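Reproduced below: start-v3.pdb, with PDB, C-alpha atoms and all ligand atoms.
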ATOM      1  CA  MET A   1     -21.787  17.712 -11.099
ATOM      2  CA  LYS A   2     -19.266  15.466 -12.830
ATOM      3  CA  VAL A   3     -17.323  12.743 -11.029
ATOM      4  CA  LEU A   4     -14.414  11.135 -12.847
ATOM      5  CA  ILE A   5     -12.944   7.739 -12.001
ATOM      6  CA  ALA A   6      -9.335   7.930 -13.233
ATOM      7  CA  THR A   7      -7.649   4.602 -12.672
ATOM      8  CA  ASP A   8      -4.588   3.378 -14.502
ATOM      9  CA  LYS A   9      -5.246   0.062 -12.710
ATOM     10  CA  PRO A  10      -9.028  -0.378 -13.020
ATOM     11  CA  PHE A  11     -11.426  -1.411 -10.275
ATOM     12  CA  ALA A  12     -13.367  -4.652 -10.770
ATOM     13  CA  LYS A  13     -16.470  -3.980 -12.898
ATOM     14  CA  VAL A  14     -18.778  -4.737  -9.978
ATOM     15  CA  ALA A  15     -17.103  -1.885  -8.037
ATOM     16  CA  VAL A  16     -17.489   0.576 -10.933
ATOM     17  CA  ASP A  17     -21.174  -0.397 -11.147
ATOM     18  CA  GLY A  18     -21.555   0.266  -7.404
ATOM     19  CA  ILE A  19     -19.829   3.648  -7.665
ATOM     20  CA  ARG A  20     -22.030   4.576 -10.635
ATOM     21  CA  LYS A  21     -25.174   3.714  -8.671
ATOM     22  CA  GLU A  22     -24.061   5.893  -5.756
ATOM     23  CA  ILE A  23     -23.073   8.847  -7.961
ATOM     24  CA  GLU A  24     -26.163   8.717 -10.170
ATOM     25  CA  ALA A  25     -28.483   8.363  -7.151
ATOM     26  CA  ALA A  26     -27.088  11.723  -5.997
ATOM     27  CA  GLY A  27     -27.985  13.205  -9.396
ATOM     28  CA  TYR A  28     -24.379  13.426 -10.592
ATOM     29  CA  GLU A  29     -22.749  12.218 -13.786
ATOM     30  CA  LEU A  30     -19.983   9.587 -13.827
ATOM     31  CA  ALA A  31     -17.094   9.549 -16.323
ATOM     32  CA  LEU A  32     -14.528   6.771 -16.581
ATOM     33  CA  LEU A  33     -10.878   6.875 -17.640
ATOM     34  CA  GLU A  34      -9.202   3.494 -17.213
ATOM     35  CA  LYS A  35      -5.844   2.012 -18.245
ATOM     36  CA  TYR A  36      -4.627   5.303 -19.685
ATOM     37  CA  THR A  37      -1.152   5.167 -21.155
ATOM     38  CA  GLU A  38      -0.361   8.887 -21.522
ATOM     39  CA  LYS A  39      -0.582  11.674 -18.972
ATOM     40  CA  ALA A  40      -2.238  13.770 -21.723
ATOM     41  CA  GLN A  41      -5.305  11.505 -21.496
ATOM     42  CA  LEU A  42      -5.585  12.262 -17.779
ATOM     43  CA  LEU A  43      -5.054  16.000 -18.360
ATOM     44  CA  ASP A  44      -7.865  15.958 -20.901
ATOM     45  CA  ALA A  45     -10.254  13.869 -18.784
ATOM     46  CA  VAL A  46      -9.941  16.082 -15.678
ATOM     47  CA  LYS A  47     -10.809  19.323 -17.529
ATOM     48  CA  ASP A  48     -14.477  19.450 -16.538
ATOM     49  CA  ALA A  49     -14.439  17.090 -13.507
ATOM     50  CA  ASN A  50     -15.708  18.446 -10.182
ATOM     51  CA  ALA A  51     -14.521  15.361  -8.314
ATOM     52  CA  ILE A  52     -12.012  12.619  -9.090
ATOM     53  CA  ILE A  53     -11.681   9.116  -7.669
ATOM     54  CA  ILE A  54      -8.171   7.699  -8.052
ATOM     55  CA  ARG A  55      -5.993   4.813  -6.855
ATOM     56  CA  SER A  56      -2.197   5.138  -7.169
ATOM     57  CA  ASP A  57      -2.682   7.635 -10.009
ATOM     58  CA  ILE A  58      -0.438  10.688  -9.835
ATOM     59  CA  ILE A  59      -2.202  13.949  -9.078
ATOM     60  CA  ASP A  60       0.415  16.683  -9.346
ATOM     61  CA  ALA A  61       0.339  20.433  -9.946
ATOM     62  CA  GLN A  62       0.018  19.925 -13.717
ATOM     63  CA  VAL A  63      -3.094  17.775 -13.310
ATOM     64  CA  LEU A  64      -4.527  20.248 -10.799
ATOM     65  CA  ASP A  65      -3.848  23.139 -13.209
ATOM     66  CA  ALA A  66      -5.752  21.293 -15.930
ATOM     67  CA  ALA A  67      -8.674  20.493 -13.623
ATOM     68  CA  LYS A  68     -10.252  23.938 -13.500
ATOM     69  CA  GLU A  69     -13.566  22.793 -11.984
ATOM     70  CA  LEU A  70     -12.088  20.398  -9.423
ATOM     71  CA  LYS A  71     -13.144  20.566  -5.788
ATOM     72  CA  ILE A  72     -12.221  17.136  -4.392
ATOM     73  CA  VAL A  73      -9.915  14.180  -5.070
ATOM     74  CA  VAL A  74     -10.559  10.921  -3.230
ATOM     75  CA  ARG A  75      -7.821   8.331  -3.204
ATOM     76  CA  ALA A  76      -9.780   5.053  -2.998
ATOM     77  CA  GLY A  77      -7.263   3.414  -0.695
ATOM     78  CA  ALA A  78      -4.887   4.196   2.127
ATOM     79  CA  GLY A  79      -1.609   5.732   0.900
ATOM     80  CA  TYR A  80      -1.820   9.206  -0.638
ATOM     81  CA  ASP A  81       1.858   9.734  -1.449
ATOM     82  CA  ASN A  82       0.762   9.942  -5.114
ATOM     83  CA  VAL A  83      -1.058  13.230  -4.521
ATOM     84  CA  ASP A  84       0.727  16.576  -4.213
ATOM     85  CA  LEU A  85      -1.093  17.777  -1.104
ATOM     86  CA  GLU A  86       0.458  21.245  -1.060
ATOM     87  CA  ALA A  87      -0.488  21.861  -4.682
ATOM     88  CA  ALA A  88      -4.027  20.592  -3.959
ATOM     89  CA  THR A  89      -4.356  23.026  -1.050
ATOM     90  CA  ALA A  90      -3.017  25.838  -3.218
ATOM     91  CA  HIS A  91      -5.654  24.970  -5.833
ATOM     92  CA  GLY A  92      -8.419  24.895  -3.185
ATOM     93  CA  VAL A  93      -8.935  21.159  -3.700
ATOM     94  CA  CYS A  94      -9.840  18.840  -0.827
ATOM     95  CA  VAL A  95      -7.973  15.505  -0.773
ATOM     96  CA  MET A  96      -9.315  12.466   1.083
ATOM     97  CA  ASN A  97      -8.420   8.798   1.393
ATOM     98  CA  THR A  98     -10.616   5.862   2.425
ATOM     99  CA  PRO A  99      -8.672   4.317   5.323
ATOM    100  CA  GLY A 100      -9.274   0.671   6.181
ATOM    101  CA  GLN A 101     -11.387  -0.156   3.142
ATOM    102  CA  ASN A 102      -8.822  -2.303   1.336
ATOM    103  CA  SER A 103      -6.693  -3.399   4.279
ATOM    104  CA  ASN A 104      -7.898  -6.997   4.596
ATOM    105  CA  ALA A 105      -7.047  -7.609   0.928
ATOM    106  CA  VAL A 106      -3.495  -6.299   1.427
ATOM    107  CA  ALA A 107      -3.074  -8.304   4.633
ATOM    108  CA  GLU A 108      -4.211 -11.536   2.957
ATOM    109  CA  LEU A 109      -1.646 -10.988   0.209
ATOM    110  CA  ALA A 110       1.123 -10.410   2.780
ATOM    111  CA  LEU A 111       0.344 -13.756   4.433
ATOM    112  CA  GLY A 112       0.071 -15.402   1.008
ATOM    113  CA  MET A 113       3.553 -14.164   0.140
ATOM    114  CA  MET A 114       4.903 -15.529   3.447
ATOM    115  CA  VAL A 115       3.523 -18.982   2.673
ATOM    116  CA  TYR A 116       4.840 -18.781  -0.902
ATOM    117  CA  ALA A 117       8.385 -18.019   0.300
ATOM    118  CA  ALA A 118       8.300 -20.438   3.256
ATOM    119  CA  ARG A 119       7.351 -23.205   0.781
ATOM    120  CA  ASN A 120      10.229 -22.359  -1.564
ATOM    121  CA  PHE A 121       8.057 -20.629  -4.156
ATOM    122  CA  PHE A 122       6.019 -23.834  -4.618
ATOM    123  CA  ASN A 123       8.937 -25.549  -6.364
ATOM    124  CA  GLY A 124       8.246 -28.968  -4.847
ATOM    125  CA  THR A 125      11.126 -29.000  -2.346
ATOM    126  CA  SER A 126      10.741 -29.218   1.434
ATOM    127  CA  GLY A 127      10.107 -25.797   2.955
ATOM    128  CA  THR A 128       9.221 -24.474   6.395
ATOM    129  CA  GLU A 129       6.048 -23.579   8.288
ATOM    130  CA  LEU A 130       4.909 -20.249   9.659
ATOM    131  CA  MET A 131       3.600 -21.756  12.902
ATOM    132  CA  GLY A 132       5.829 -20.813  15.835
ATOM    133  CA  LYS A 133       7.823 -18.284  13.776
ATOM    134  CA  LYS A 134       8.205 -14.726  15.010
ATOM    135  CA  LEU A 135       6.381 -12.194  12.857
ATOM    136  CA  GLY A 136       7.256  -8.499  13.090
ATOM    137  CA  ILE A 137       4.652  -6.029  11.949
ATOM    138  CA  HIS A 138       6.340  -2.754  11.074
ATOM    139  CA  ALA A 139       3.616  -0.140  11.667
ATOM    140  CA  TYR A 140       0.361  -1.134  13.276
ATOM    141  CA  GLY A 141      -2.278   0.600  11.175
ATOM    142  CA  ASN A 142      -5.274  -0.925   9.432
ATOM    143  CA  VAL A 143      -3.223  -3.371   7.358
ATOM    144  CA  GLY A 144      -0.906  -4.265  10.242
ATOM    145  CA  ARG A 145      -3.891  -5.122  12.448
ATOM    146  CA  ASN A 146      -5.363  -7.393   9.795
ATOM    147  CA  VAL A 147      -1.992  -9.087   9.317
ATOM    148  CA  ALA A 148      -1.911  -9.750  13.085
ATOM    149  CA  ARG A 149      -5.440 -11.186  13.058
ATOM    150  CA  ILE A 150      -4.689 -13.579  10.190
ATOM    151  CA  ALA A 151      -1.195 -14.524  11.435
ATOM    152  CA  LYS A 152      -2.724 -15.604  14.754
ATOM    153  CA  GLY A 153      -4.593 -18.294  12.848
ATOM    154  CA  PHE A 154      -1.244 -19.534  11.521
ATOM    155  CA  GLY A 155       0.061 -19.822  15.090
ATOM    156  CA  MET A 156       2.786 -17.201  14.640
ATOM    157  CA  GLU A 157       4.272 -15.277  17.574
ATOM    158  CA  ILE A 158       3.401 -11.688  16.770
ATOM    159  CA  TYR A 159       5.365  -8.512  17.506
ATOM    160  CA  ALA A 160       4.811  -4.957  16.287
ATOM    161  CA  TYR A 161       6.612  -1.648  16.273
ATOM    162  CA  ASP A 162       4.784   1.552  15.501
ATOM    163  CA  ALA A 163       6.270   4.977  16.249
ATOM    164  CA  PHE A 164       2.803   6.503  16.658
ATOM    165  CA  CYS A 165       0.456   3.774  17.911
ATOM    166  CA  PRO A 166       0.403   3.421  21.734
ATOM    167  CA  ALA A 167       1.664   0.082  23.118
ATOM    168  CA  ASP A 168      -1.608  -0.674  24.926
ATOM    169  CA  VAL A 169      -3.555  -0.486  21.633
ATOM    170  CA  ILE A 170      -1.169  -3.058  20.130
ATOM    171  CA  GLU A 171      -1.097  -5.306  23.191
ATOM    172  CA  LYS A 172      -4.866  -5.550  23.557
ATOM    173  CA  ASP A 173      -4.774  -7.510  20.272
ATOM    174  CA  GLY A 174      -2.427 -10.062  21.853
ATOM    175  CA  VAL A 175       0.537  -8.611  19.965
ATOM    176  CA  LYS A 176       3.788  -7.775  21.767
ATOM    177  CA  ALA A 177       4.638  -4.076  21.301
ATOM    178  CA  LEU A 178       8.358  -3.381  20.852
ATOM    179  CA  THR A 179       9.936   0.003  21.401
ATOM    180  CA  SER A 180      12.159   0.377  18.341
ATOM    181  CA  ALA A 181      12.525  -0.795  14.761
ATOM    182  CA  ASP A 182      15.930  -2.262  15.697
ATOM    183  CA  GLU A 183      14.302  -4.432  18.357
ATOM    184  CA  LEU A 184      11.661  -5.614  15.879
ATOM    185  CA  TYR A 185      14.221  -6.638  13.255
ATOM    186  CA  GLN A 186      16.495  -8.306  15.843
ATOM    187  CA  THR A 187      13.578 -10.346  17.158
ATOM    188  CA  CYS A 188      11.610 -11.450  14.114
ATOM    189  CA  ASP A 189      12.078 -14.191  11.495
ATOM    190  CA  VAL A 190       9.605 -12.479   9.183
ATOM    191  CA  VAL A 191       9.007  -8.730   8.941
ATOM    192  CA  SER A 192       5.934  -7.382   7.172
ATOM    193  CA  LEU A 193       6.172  -3.728   6.153
ATOM    194  CA  HIS A 194       3.214  -1.402   6.595
ATOM    195  CA  ILE A 195       4.832   2.024   6.883
ATOM    196  CA  PRO A 196       3.718   4.834   4.564
ATOM    197  CA  ALA A 197       6.135   6.521   2.146
ATOM    198  CA  THR A 198       6.985   9.876   3.728
ATOM    199  CA  PRO A 199      10.168  12.000   3.686
ATOM    200  CA  GLU A 200      11.057  10.350   7.054
ATOM    201  CA  THR A 201      10.521   6.728   5.935
ATOM    202  CA  LYS A 202      12.026   6.915   2.438
ATOM    203  CA  LYS A 203      14.987   4.485   2.146
ATOM    204  CA  SER A 204      14.672   3.819   5.897
ATOM    205  CA  ILE A 205      14.709   0.024   5.408
ATOM    206  CA  ASN A 206      18.439  -0.245   5.010
ATOM    207  CA  TYR A 207      21.429  -2.538   5.532
ATOM    208  CA  ALA A 208      21.984  -1.605   9.185
ATOM    209  CA  LEU A 209      18.405  -2.480  10.082
ATOM    210  CA  LEU A 210      18.028  -5.650   8.018
ATOM    211  CA  LYS A 211      21.363  -7.174   8.952
ATOM    212  CA  GLN A 212      20.037  -7.648  12.487
ATOM    213  CA  MET A 213      17.413 -10.161  11.399
ATOM    214  CA  PRO A 214      17.965 -13.798  12.407
ATOM    215  CA  LYS A 215      19.191 -16.499  10.018
ATOM    216  CA  GLY A 216      16.608 -17.529   7.421
ATOM    217  CA  ALA A 217      14.962 -14.097   7.563
ATOM    218  CA  MET A 218      12.198 -12.935   5.277
ATOM    219  CA  LEU A 219      11.095  -9.379   4.433
ATOM    220  CA  VAL A 220       7.623  -8.897   2.967
ATOM    221  CA  ASN A 221       6.775  -5.526   1.446
ATOM    222  CA  THR A 222       3.170  -4.702   0.655
ATOM    223  CA  ALA A 223       3.752  -1.021   1.536
ATOM    224  CA  ARG A 224       5.788   1.120  -0.878
ATOM    225  CA  LYS A 225       9.009   0.596  -2.813
ATOM    226  CA  GLU A 226      10.295   4.025  -1.744
ATOM    227  CA  VAL A 227      10.768   2.886   1.867
ATOM    228  CA  ILE A 228      13.451   0.414   0.787
ATOM    229  CA  ASN A 229      17.072   1.408   0.258
ATOM    230  CA  GLU A 230      17.406  -0.845  -2.793
ATOM    231  CA  ASP A 231      21.195  -0.631  -3.166
ATOM    232  CA  GLU A 232      21.620  -1.610   0.472
ATOM    233  CA  LEU A 233      19.054  -4.426   0.235
ATOM    234  CA  ILE A 234      20.957  -5.839  -2.751
ATOM    235  CA  LYS A 235      24.220  -5.665  -0.793
ATOM    236  CA  LEU A 236      22.566  -7.349   2.193
ATOM    237  CA  MET A 237      21.134 -10.173   0.063
ATOM    238  CA  GLU A 238      24.564 -10.661  -1.492
ATOM    239  CA  ASP A 239      26.097 -10.953   1.986
ATOM    240  CA  ARG A 240      23.193 -13.040   3.359
ATOM    241  CA  PRO A 241      22.286 -16.004   1.077
ATOM    242  CA  ASP A 242      19.652 -16.993   3.669
ATOM    243  CA  PHE A 243      17.644 -13.752   3.222
ATOM    244  CA  LYS A 244      14.401 -13.670   1.220
ATOM    245  CA  TYR A 245      12.599 -10.606  -0.153
ATOM    246  CA  LEU A 246       9.004 -10.660  -1.325
ATOM    247  CA  THR A 247       7.405  -7.514  -2.629
ATOM    248  CA  ASP A 248       4.115  -6.348  -4.070
ATOM    249  CA  ILE A 249       5.755  -3.194  -5.375
ATOM    250  CA  MET A 250       8.303  -3.890  -8.077
ATOM    251  CA  PRO A 251      11.678  -2.363  -7.180
ATOM    252  CA  ALA A 252      13.346   0.034  -9.631
ATOM    253  CA  ALA A 253      16.172  -2.554  -9.756
ATOM    254  CA  ASN A 254      13.835  -5.510 -10.404
ATOM    255  CA  ASP A 255      16.088  -6.931 -13.155
ATOM    256  CA  LYS A 256      19.051  -6.971 -10.804
ATOM    257  CA  PHE A 257      17.091  -8.609  -7.969
ATOM    258  CA  THR A 258      15.734 -11.241 -10.397
ATOM    259  CA  GLU A 259      19.156 -12.009 -11.822
ATOM    260  CA  LEU A 260      21.038 -12.128  -8.519
ATOM    261  CA  PHE A 261      18.537 -13.715  -6.155
ATOM    262  CA  ALA A 262      16.720 -16.518  -7.963
ATOM    263  CA  GLY A 263      14.755 -18.660  -5.521
ATOM    264  CA  ARG A 264      14.636 -16.017  -2.785
ATOM    265  CA  TYR A 265      13.187 -12.955  -4.489
ATOM    266  CA  PHE A 266       9.704 -12.385  -5.826
ATOM    267  CA  SER A 267       7.832  -9.331  -7.060
ATOM    268  CA  THR A 268       4.294  -9.121  -8.359
ATOM    269  CA  PRO A 269       4.248  -7.603 -11.866
ATOM    270  CA  LYS A 270       1.830  -4.880 -10.712
ATOM    271  CA  LYS A 271       0.809  -3.914  -7.176
ATOM    272  CA  MET A 272      -2.091  -6.238  -6.430
ATOM    273  CA  GLY A 273      -2.550  -6.092  -2.662
ATOM    274  CA  ALA A 274      -5.818  -4.201  -3.052
ATOM    275  CA  GLN A 275      -6.815  -5.947  -6.267
ATOM    276  CA  THR A 276      -9.855  -7.859  -5.052
ATOM    277  CA  ALA A 277     -13.493  -7.287  -5.904
ATOM    278  CA  GLU A 278     -14.224  -6.779  -2.206
ATOM    279  CA  ALA A 279     -11.508  -4.157  -1.678
ATOM    280  CA  ASN A 280     -12.470  -2.366  -4.916
ATOM    281  CA  ILE A 281     -16.117  -2.279  -3.858
ATOM    282  CA  ASN A 282     -15.343  -1.145  -0.295
ATOM    283  CA  ALA A 283     -12.834   1.570  -1.265
ATOM    284  CA  GLY A 284     -14.642   2.664  -4.441
ATOM    285  CA  ILE A 285     -18.055   3.032  -2.826
ATOM    286  CA  ALA A 286     -16.549   4.728   0.234
ATOM    287  CA  ALA A 287     -14.926   7.237  -2.156
ATOM    288  CA  ALA A 288     -18.263   7.868  -3.910
ATOM    289  CA  THR A 289     -20.096   8.276  -0.599
ATOM    290  CA  GLN A 290     -17.438  10.694   0.676
ATOM    291  CA  ILE A 291     -17.792  12.797  -2.501
ATOM    292  CA  VAL A 292     -21.571  12.960  -2.158
ATOM    293  CA  GLY A 293     -21.226  13.855   1.563
ATOM    294  CA  PHE A 294     -18.698  16.565   0.680
ATOM    295  CA  PHE A 295     -20.932  18.252  -1.869
ATOM    296  CA  LYS A 296     -24.277  17.750  -0.122
ATOM    297  CA  ASP A 297     -23.298  18.246   3.556
ATOM    298  CA  GLY A 298     -19.835  19.812   3.446
ATOM    299  CA  CYS A 299     -18.468  16.726   5.223
ATOM    300  CA  GLU A 300     -14.662  16.685   5.252
ATOM    301  CA  LYS A 301     -14.064  13.572   7.366
ATOM    302  CA  PHE A 302     -10.996  11.755   5.971
ATOM    303  CA  ARG A 303      -9.541  14.977   4.546
ATOM    304  CA  VAL A 304      -5.741  14.608   4.458
ATOM    305  CA  ASN A 305      -4.600  18.059   3.255
ATOM    306  CA  LYS A 306      -4.828  21.350   5.136
TER     307      LYS A 306
HETATM  308  C1  LIG A 401      -3.211   1.658  -0.808
HETATM  309  O1  LIG A 401      -2.419   2.549  -0.472
HETATM  310  O2  LIG A 401      -4.426   1.733  -0.571
HETATM  311  C2  LIG A 401      -2.689   0.387  -1.436
HETATM  312  O3  LIG A 401      -1.317   0.489  -1.669
HETATM  313  C3  LIG A 401      -3.434  -0.001  -2.694
HETATM  314  O4  LIG A 401      -3.108   0.791  -3.804
HETATM  315  P1  LIG A 401      -3.827   0.608  -5.224
HETATM  316  O5  LIG A 401      -5.207   1.163  -5.111
HETATM  317  O6  LIG A 401      -2.973   1.357  -6.188
HETATM  318  O7  LIG A 401      -3.872  -0.857  -5.555
END
As C-alpha cells:
Amino acid sequence: MKVLIATDKPFAKVAVDGIRKEIEAAGYELALLEKYTEKAQLLDAVKDANAIIIRSDIIDAQVLDAAKELKIVVRAGAGYDNVDLEAATAHGVCVMNTPGQNSNAVAELALGMMVYAARNFFNGTSGTELMGKKLGIHAYGNVGRNVARIAKGFGMEIYAYDAFCPADVIEKDGVKALTSADELYQTCDVVSLHIPATPETKKSINYALLKQMPKGAMLVNTARKEVINEDELIKLMEDRPDFKYLTDIMPAANDKFTELFAGRYFSTPKKMGAQTAEANINAGIAAATQIVGFFKDGCEKFRVNK
C-alpha cells in the first residue's frame, strides 16, 4: 500500500516524521512530493498511490484520471473546496478532511492580525485596543469557536452569525448569536470570516454587507479569498478611508489593494493560518490515522463526498 503526501506548501518536518511513523507502523510505504512547481509532477507522483494526503493542493478530474490505484484522498485540514468531489465519487475515491485539527492555529493568526491592524501595523504610532470592541464571528465552526475563546481573553464583546449552527450552541459559549449576516456587520467593529467557499458563499462578502459596519471597521479573512467580492471591497475601501482589510489569502487584485490602501491593507504572502508545527502534526497524523482506519477497518468517518 502506497501513501503519498503531496503538499505544495510542506508540513513541518516533525509532522512528516509523525505521519511516516504512523504509515510505516501499518506496514505501508510513504512517498513525499513537496513544493512541486508543475502539475505534471503531481500527475506523475499519483500514478501508483493508493492514498494521498494533501493540503490546499488541487485534486481535479485530471489528477484522479492519472491516479489509477487511488482509493482515498485526505485533505489534512478543514476546507475541501480544492477537491472535485463529484469527480472523486465518479472515480470511486473517498475524500475526507480532518476537521478541527488546525483550527487553533488559524484562530491565533486571526487574533494576531487584529492586534497588528489595531496597532497601525506596528509603525510606532498610537493605535487602539481590542478590549471592549465588538467582534463578529461570521460562521461558528471549529475556527470560529477558537476565535471566540481567545477573544474573550482580550475582553472583546463577542457576537456570531452562523446560518447552520443553532443559537443555543453559540450562546452556551457566552457569545451572542445574531440572526443575520446584516445584523452581524451592523453591530461589529471587527468581523472575522470563517465561512467555507461554496457556490452560495462565493463573492457573498460584498459592498452592501460591508458598508453597514461602524466607523473604524476591520475585516479579517482567514477563510478563503473566493468569498470576497474583490471589486466591491475595493470600491468600499475607496469610499471608506476608515476601513481596514487583513487577509491570510492573497486577493487576485493584491497589487491594487497594496497600491490603493497603504496602512490599512495587509496580506500574508502565502496562506499561513495552519502553518504551525502543532497544526501540521495534528492534521497530518489525523490524516494518516484516517487512511489506516479506512484500509484496515473500512472506517469512513469524516468522508465528505457521496
Ligand atoms: C484549512 O482549510 O484547513 C485551512 O485553510 C488551512 O489550509 P492549508 O493546509 O492549505 O494551510
Within 12 Å of Lys152 of chain A using only C-alpha atoms, minus same-chain residues under 2 positions, as a ChimeraX atom specification: /A:111,130-135,145-150,154-159,173-175
Residues selected by the PyMOL selection byres (((chain A and resi 82) around 10) and not hetatm), written as a ChimeraX atom specification: /A:54-60,75,79-81,83-85,197
7 Å shell around ligand LIG 401 (chain A) using all atoms listed in the file, listed as an mmCIF file with C-alpha atoms, keeping the file's coordinate frame:
data_model
loop_
_atom_site.group_PDB
_atom_site.id
_atom_site.type_symbol
_atom_site.label_atom_id
_atom_site.label_comp_id
_atom_site.auth_asym_id
_atom_site.auth_seq_id
_atom_site.Cartn_x
_atom_site.Cartn_y
_atom_site.Cartn_z
ATOM 1 C CA ARG A 55 -5.993 4.813 -6.855
ATOM 2 C CA SER A 56 -2.197 5.138 -7.169
ATOM 3 C CA ALA A 76 -9.780 5.053 -2.998
ATOM 4 C CA GLY A 77 -7.263 3.414 -0.695
ATOM 5 C CA ALA A 78 -4.887 4.196 2.127
ATOM 6 C CA GLY A 79 -1.609 5.732 0.900
ATOM 7 C CA TYR A 80 -1.820 9.206 -0.638
ATOM 8 C CA ASN A 102 -8.822 -2.303 1.336
ATOM 9 C CA ALA A 223 3.752 -1.021 1.536
ATOM 10 C CA LYS A 271 0.809 -3.914 -7.176
ATOM 11 C CA MET A 272 -2.091 -6.238 -6.430
ATOM 12 C CA GLY A 273 -2.550 -6.092 -2.662
ATOM 13 C CA ALA A 274 -5.818 -4.201 -3.052
ATOM 14 C CA GLN A 275 -6.815 -5.947 -6.267
#
Residues matched by the PyMOL selection byres (((chain A and resi 170) around 10) and not hetatm) as a list in words: Tyr140, Gly141, Gly144, Arg145, Ala148, Tyr159, Ala160, Tyr161, Asp162, Cys165, Pro166, Ala167, Asp168, Val169, Glu171, Lys172, Asp173, Gly174, Val175, Lys176, Ala177 and Leu178 of chain A
All residues 12 Å or closer to Phe11 of chain A, all atoms listed in the file, same chain fewer than 4 positions away omitted, as number ranges by chain: A: 5-7, 15-19, 32-35, 53-56, 76-77, 102, 272, 274-285
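In this comparison, which uses all atoms listed in the file, the residue of A:Leu43, A:Val143, A:Ala252, A:Lys2 approaching Ala105 of chain A most closely is A:Val143.
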Just segment 272-290 of chain A, please, as a tab-separated table (two decimals), in the first residue's frame (only N, CA and C atoms).
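decode.tsv, freshly written:
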chain	number	residue	atom	x	y	z
A	272	MET	N	-0.99	31.16	5.78
A	272	MET	CA	-0.17	30.60	6.86
A	272	MET	C	-0.94	30.36	8.14
A	273	GLY	N	-2.28	30.45	8.06
A	273	GLY	CA	-3.09	30.21	9.25
A	273	GLY	C	-2.76	28.87	9.90
A	274	ALA	N	-2.65	27.84	9.07
A	274	ALA	CA	-2.41	26.49	9.60
A	274	ALA	C	-0.93	26.13	9.60
A	275	GLN	N	-0.08	27.11	9.36
A	275	GLN	CA	1.35	26.82	9.27
A	275	GLN	C	2.02	26.89	10.65
A	276	THR	N	1.68	25.94	11.50
A	276	THR	CA	2.40	25.77	12.76
A	276	THR	C	2.76	24.29	12.88
A	277	ALA	N	3.80	24.02	13.64
A	277	ALA	CA	4.20	22.62	13.83
A	277	ALA	C	3.04	21.84	14.45
A	278	GLU	N	2.36	22.49	15.42
A	278	GLU	CA	1.27	21.79	16.11
A	278	GLU	C	0.13	21.43	15.16
A	279	ALA	N	-0.29	22.41	14.34
A	279	ALA	CA	-1.39	22.16	13.40
A	279	ALA	C	-0.98	21.12	12.37
A	280	ASN	N	0.27	21.20	11.89
A	280	ASN	CA	0.75	20.22	10.90
A	280	ASN	C	0.75	18.81	11.51
A	281	ILE	N	1.21	18.72	12.74
A	281	ILE	CA	1.24	17.40	13.41
A	281	ILE	C	-0.19	16.89	13.60
A	282	ASN	N	-1.05	17.74	14.16
A	282	ASN	CA	-2.44	17.31	14.43
A	282	ASN	C	-3.15	16.86	13.15
A	283	ALA	N	-3.11	17.73	12.12
A	283	ALA	CA	-3.85	17.44	10.89
A	283	ALA	C	-3.19	16.30	10.11
A	284	GLY	N	-1.86	16.32	10.06
A	284	GLY	CA	-1.12	15.31	9.29
A	284	GLY	C	-1.30	13.92	9.89
A	285	ILE	N	-1.18	13.82	11.20
A	285	ILE	CA	-1.30	12.50	11.83
A	285	ILE	C	-2.76	12.02	11.81
A	286	ALA	N	-3.69	12.97	11.96
A	286	ALA	CA	-5.11	12.59	11.83
A	286	ALA	C	-5.36	12.01	10.44
A	287	ALA	N	-4.78	12.64	9.41
A	287	ALA	CA	-4.96	12.15	8.03
A	287	ALA	C	-4.40	10.73	7.90
A	288	ALA	N	-3.20	10.51	8.46
A	288	ALA	CA	-2.58	9.18	8.37
A	288	ALA	C	-3.44	8.14	9.09
A	289	THR	N	-3.91	8.50	10.28
A	289	THR	CA	-4.73	7.57	11.06
A	289	THR	C	-6.03	7.24	10.32
A	290	GLN	N	-6.63	8.26	9.70
A	290	GLN	CA	-7.87	8.04	8.95
A	290	GLN	C	-7.64	7.10	7.76
